[in-house]
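As structure tokens, the structure follows; a few thoughts come after it.
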Amino acid sequence: MYKIKIQNTEGLPEAARQFVDEMGENRIFAFYGKMGAGKTTFIKAICEALGVEDVVTSPTFAIVNEYKTPLGEAVFHFDFYRIKNLREAYDIGCEEYFYSGSPCFIEWPELVEELLPEDTVRVNIEVHDDGSRTVTVSS
């Protein structure tokens, strides 16, 4: 387990670089946090640190967005906020994405918890009264 402190938006690129440096061989990351905690914003910064040049947006309506790194590696970004049941997650083929070997960043994983691989890394974003965030990463 490790923690990353983000004081403000100017600290996002450095926090994202630290996160990427710590990813290791892990590929599935479940992001937990309240609405407005900054899950999408942090995932966008992580994608930029990975070299993604695509526009990174929340896949709220699409459920999954695919981005490419400069080396052509796929990066998948999920937002399960709007799914109504696990069948919808199965229907988009989430298990194929999860076991593809490509990085998967998942918002609102609580809704598909039982589908997540055993080695999923949990990323909790906590917002403090001063607007700073603490990102706690645990296996």
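Going through the structure tokens in order, the chains are called A, B, and so on, while each chain numbers its residues from 1 and the ligands are numbered from 1 in the order shown.
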
Among the residues of chain A, find those DSSP assigns to alpha helix (DSSP H) from the backbone and print them as a PyMOL selection string.
chain A and resi 12-23+39-49+86-91+94-98

Which neighbours of A:Ile43 fall inside 9 Å, counting only C-alpha atoms, when residues of the same chain fewer than 2 positions from it are skipped, and could you give them as an MDAnalysis selection string?
chainID A and resid 16 31 38:41 45:48 56 77 105:106

Pick out the closest residue to A:Gly101 from this set: A:Ala49, A:Val20, A:Val75, A:Ala62. Count only C-alpha atoms.
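Checking each of A:Ala49, A:Val20, A:Val75, A:Ala62 against A:Gly101, counting only C-alpha atoms, the winner is A:Val75.
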
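Each of A:Arg122, A:Arg133, A:Arg17, A:His128 was checked against A:Tyr32 using only C-alpha atoms; the smallest atom-to-atom distance is that of A:Arg122.
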
Surrounding residues of A:Met1 excluding itself and chain neighbours under 3 positions, 12 Å, only C-alpha atoms, as number ranges by chain:
A: 4, 19, 22-23, 121-124, 135-139

Please produce a file of those selected residues containing N, CA and C atoms, as a CSV table (one decimal), in the first residue's frame.
```csv
chain,number,residue,atom,x,y,z
A,4,ILE,N,-0.5,8.8,-2.2
A,4,ILE,CA,-0.1,9.9,-3.0
A,4,ILE,C,-0.9,11.1,-2.6
A,19,PHE,N,2.1,7.4,-9.8
A,19,PHE,CA,1.2,6.3,-10.0
A,19,PHE,C,1.7,5.3,-11.1
A,22,GLU,N,4.6,3.3,-10.2
A,22,GLU,CA,4.3,2.2,-9.2
A,22,GLU,C,3.4,1.1,-9.8
A,23,MET,N,2.9,1.3,-11.0
A,23,MET,CA,2.0,0.3,-11.6
A,23,MET,C,2.6,-1.1,-11.7
A,121,VAL,N,-6.1,-3.9,-8.4
A,121,VAL,CA,-5.5,-2.9,-7.5
A,121,VAL,C,-6.6,-1.9,-7.1
A,122,ARG,N,-6.8,-1.6,-5.9
A,122,ARG,CA,-7.8,-0.7,-5.4
A,122,ARG,C,-7.2,0.7,-5.2
A,123,VAL,N,-7.8,1.7,-5.8
A,123,VAL,CA,-7.3,3.0,-5.7
A,123,VAL,C,-8.5,3.9,-5.1
A,124,ASN,N,-8.2,4.4,-3.9
A,124,ASN,CA,-9.3,5.2,-3.2
A,124,ASN,C,-8.8,6.6,-3.2
A,135,VAL,N,-4.7,9.8,-2.4
A,135,VAL,CA,-4.9,8.6,-3.2
A,135,VAL,C,-4.2,7.5,-2.5
A,136,THR,N,-5.0,6.5,-2.1
A,136,THR,CA,-4.5,5.3,-1.4
A,136,THR,C,-4.6,4.2,-2.4
A,137,VAL,N,-3.4,3.5,-2.6
A,137,VAL,CA,-3.4,2.4,-3.6
A,137,VAL,C,-3.0,1.2,-2.8
A,138,SER,N,-3.8,0.1,-3.0
A,138,SER,CA,-3.6,-1.1,-2.3
A,138,SER,C,-4.0,-2.3,-3.2
A,139,SER,N,-3.3,-3.4,-3.0
A,139,SER,CA,-3.5,-4.6,-3.8
A,139,SER,C,-4.6,-5.5,-3.1
```

Pairwise distance for atom CA of A:Val55 and atom CA of A:Lys68, rounded to one decimal in Å:
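Rounded to one decimal, the two atoms are 10.3 Å apart.
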
Please list as a list of chain:residue names every residue within 8 Å of A:Tyr97, counting only C-alpha atoms and excluding residues in the same chain fewer than 5 positions away.
A:Phe76, A:Ser102, A:Cys104

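One finds atom CA of A:Lys44 at 12.0 Å from atom CA of A:Phe78.
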
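Of the listed residues (A:Glu126, A:Glu25, A:Glu118, A:Glu113), A:Glu113 comes nearest to A:Leu86; the distances count only C-alpha atoms.
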
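Relative to atom CA of A:Pro103, atom CA of A:Gly72 is found at 12.4 Å.
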
Run DSSP on the backbone and give me the residues of chain A it puts in strand (DSSP E), as an mmCIF file with N, CA and C atoms, in the first residue's frame.
```cif
data_model
loop_
_atom_site.group_PDB
_atom_site.id
_atom_site.type_symbol
_atom_site.label_atom_id
_atom_site.label_comp_id
_atom_site.auth_asym_id
_atom_site.auth_seq_id
_atom_site.Cartn_x
_atom_site.Cartn_y
_atom_site.Cartn_z
ATOM 1 N N TYR A 2 0.460 2.242 -0.732
ATOM 2 C CA TYR A 2 1.142 3.523 -0.705
ATOM 3 C C TYR A 2 0.114 4.626 -0.903
ATOM 4 N N LYS A 3 0.519 5.842 -0.563
ATOM 5 C CA LYS A 3 -0.369 6.998 -0.674
ATOM 6 C C LYS A 3 0.293 8.080 -1.505
ATOM 7 N N ILE A 4 -0.539 8.791 -2.239
ATOM 8 C CA ILE A 4 -0.093 9.937 -3.019
ATOM 9 C C ILE A 4 -0.943 11.123 -2.580
ATOM 10 N N LYS A 5 -0.297 12.189 -2.198
ATOM 11 C CA LYS A 5 -1.011 13.407 -1.790
ATOM 12 C C LYS A 5 -1.036 14.366 -2.970
ATOM 13 N N ILE A 6 -2.221 14.880 -3.285
ATOM 14 C CA ILE A 6 -2.379 15.851 -4.370
ATOM 15 C C ILE A 6 -2.939 17.128 -3.754
ATOM 16 N N ILE A 28 -5.113 -4.000 -13.768
ATOM 17 C CA ILE A 28 -6.510 -3.677 -13.457
ATOM 18 C C ILE A 28 -6.539 -2.796 -12.218
ATOM 19 N N PHE A 29 -7.122 -1.588 -12.387
ATOM 20 C CA PHE A 29 -7.157 -0.606 -11.306
ATOM 21 C C PHE A 29 -8.590 -0.139 -11.094
ATOM 22 N N ALA A 30 -9.109 -0.353 -9.900
ATOM 23 C CA ALA A 30 -10.470 0.027 -9.541
ATOM 24 C C ALA A 30 -10.418 1.303 -8.709
ATOM 25 N N PHE A 31 -11.045 2.360 -9.210
ATOM 26 C CA PHE A 31 -11.009 3.673 -8.570
ATOM 27 C C PHE A 31 -12.279 3.906 -7.756
ATOM 28 N N TYR A 32 -12.090 4.110 -6.451
ATOM 29 C CA TYR A 32 -13.195 4.347 -5.537
ATOM 30 C C TYR A 32 -13.134 5.789 -5.056
ATOM 31 N N VAL A 64 -17.253 2.157 -21.769
ATOM 32 C CA VAL A 64 -15.809 1.941 -21.907
ATOM 33 C C VAL A 64 -15.279 2.794 -23.061
ATOM 34 N N ASN A 65 -14.142 3.425 -22.827
ATOM 35 C CA ASN A 65 -13.398 4.130 -23.877
ATOM 36 C C ASN A 65 -12.071 3.419 -24.051
ATOM 37 N N GLU A 66 -11.597 3.390 -25.277
ATOM 38 C CA GLU A 66 -10.287 2.818 -25.564
ATOM 39 C C GLU A 66 -9.381 3.924 -26.067
ATOM 40 N N TYR A 67 -8.197 3.996 -25.491
ATOM 41 C CA TYR A 67 -7.179 4.955 -25.903
ATOM 42 C C TYR A 67 -5.952 4.161 -26.346
ATOM 43 N N LYS A 68 -5.057 4.803 -27.040
ATOM 44 C CA LYS A 68 -3.817 4.153 -27.479
ATOM 45 C C LYS A 68 -2.612 4.937 -26.975
ATOM 46 N N ALA A 74 -3.244 -0.625 -26.105
ATOM 47 C CA ALA A 74 -4.582 -0.179 -25.718
ATOM 48 C C ALA A 74 -4.620 0.120 -24.228
ATOM 49 N N VAL A 75 -5.383 1.142 -23.881
ATOM 50 C CA VAL A 75 -5.669 1.489 -22.492
ATOM 51 C C VAL A 75 -7.185 1.609 -22.416
ATOM 52 N N PHE A 76 -7.805 0.888 -21.470
ATOM 53 C CA PHE A 76 -9.256 0.896 -21.354
ATOM 54 C C PHE A 76 -9.689 1.665 -20.113
ATOM 55 N N HIS A 77 -10.713 2.487 -20.288
ATOM 56 C CA HIS A 77 -11.239 3.335 -19.218
ATOM 57 C C HIS A 77 -12.736 3.040 -19.106
ATOM 58 N N PHE A 78 -13.141 2.524 -17.964
ATOM 59 C CA PHE A 78 -14.527 2.133 -17.726
ATOM 60 C C PHE A 78 -15.204 3.087 -16.751
ATOM 61 N N ASP A 79 -16.491 3.275 -16.934
ATOM 62 C CA ASP A 79 -17.327 3.984 -15.970
ATOM 63 C C ASP A 79 -18.622 3.197 -15.856
ATOM 64 N N CYS A 104 -6.443 -1.332 -17.479
ATOM 65 C CA CYS A 104 -7.867 -1.037 -17.348
ATOM 66 C C CYS A 104 -8.056 -0.163 -16.111
ATOM 67 N N PHE A 105 -8.656 1.002 -16.315
ATOM 68 C CA PHE A 105 -8.942 1.930 -15.224
ATOM 69 C C PHE A 105 -10.454 1.987 -15.074
ATOM 70 N N ILE A 106 -10.952 1.638 -13.885
ATOM 71 C CA ILE A 106 -12.378 1.409 -13.687
ATOM 72 C C ILE A 106 -12.953 2.383 -12.669
ATOM 73 N N GLU A 107 -13.919 3.176 -13.109
ATOM 74 C CA GLU A 107 -14.671 4.039 -12.202
ATOM 75 C C GLU A 107 -15.954 3.319 -11.789
ATOM 76 N N VAL A 121 -6.053 -3.869 -8.412
ATOM 77 C CA VAL A 121 -5.481 -2.899 -7.483
ATOM 78 C C VAL A 121 -6.570 -1.884 -7.146
ATOM 79 N N ARG A 122 -6.759 -1.645 -5.863
ATOM 80 C CA ARG A 122 -7.782 -0.706 -5.412
ATOM 81 C C ARG A 122 -7.161 0.670 -5.186
ATOM 82 N N VAL A 123 -7.821 1.673 -5.762
ATOM 83 C CA VAL A 123 -7.340 3.047 -5.681
ATOM 84 C C VAL A 123 -8.464 3.880 -5.080
ATOM 85 N N ASN A 124 -8.245 4.368 -3.865
ATOM 86 C CA ASN A 124 -9.266 5.159 -3.189
ATOM 87 C C ASN A 124 -8.849 6.627 -3.185
ATOM 88 N N ILE A 125 -9.750 7.488 -3.646
ATOM 89 C CA ILE A 125 -9.471 8.924 -3.662
ATOM 90 C C ILE A 125 -10.329 9.591 -2.594
ATOM 91 N N GLU A 126 -9.656 10.206 -1.642
ATOM 92 C CA GLU A 126 -10.329 10.889 -0.537
ATOM 93 C C GLU A 126 -10.123 12.397 -0.688
ATOM 94 N N VAL A 127 -11.228 13.130 -0.587
ATOM 95 C CA VAL A 127 -11.182 14.586 -0.695
ATOM 96 C C VAL A 127 -11.154 15.176 0.708
ATOM 97 N N ARG A 133 -6.388 16.061 -2.173
ATOM 98 C CA ARG A 133 -6.798 14.654 -2.256
ATOM 99 C C ARG A 133 -5.680 13.767 -1.741
ATOM 100 N N THR A 134 -6.086 12.643 -1.168
ATOM 101 C CA THR A 134 -5.166 11.583 -0.845
ATOM 102 C C THR A 134 -5.588 10.371 -1.645
ATOM 103 N N VAL A 135 -4.652 9.833 -2.416
ATOM 104 C CA VAL A 135 -4.899 8.643 -3.214
ATOM 105 C C VAL A 135 -4.215 7.480 -2.495
ATOM 106 N N THR A 136 -5.004 6.499 -2.082
ATOM 107 C CA THR A 136 -4.462 5.328 -1.404
ATOM 108 C C THR A 136 -4.567 4.155 -2.356
ATOM 109 N N VAL A 137 -3.424 3.528 -2.614
ATOM 110 C CA VAL A 137 -3.359 2.436 -3.582
ATOM 111 C C VAL A 137 -3.013 1.156 -2.818
ATOM 112 N N SER A 138 -3.845 0.123 -2.985
ATOM 113 C CA SER A 138 -3.585 -1.146 -2.298
ATOM 114 C C SER A 138 -3.981 -2.317 -3.178
#
```
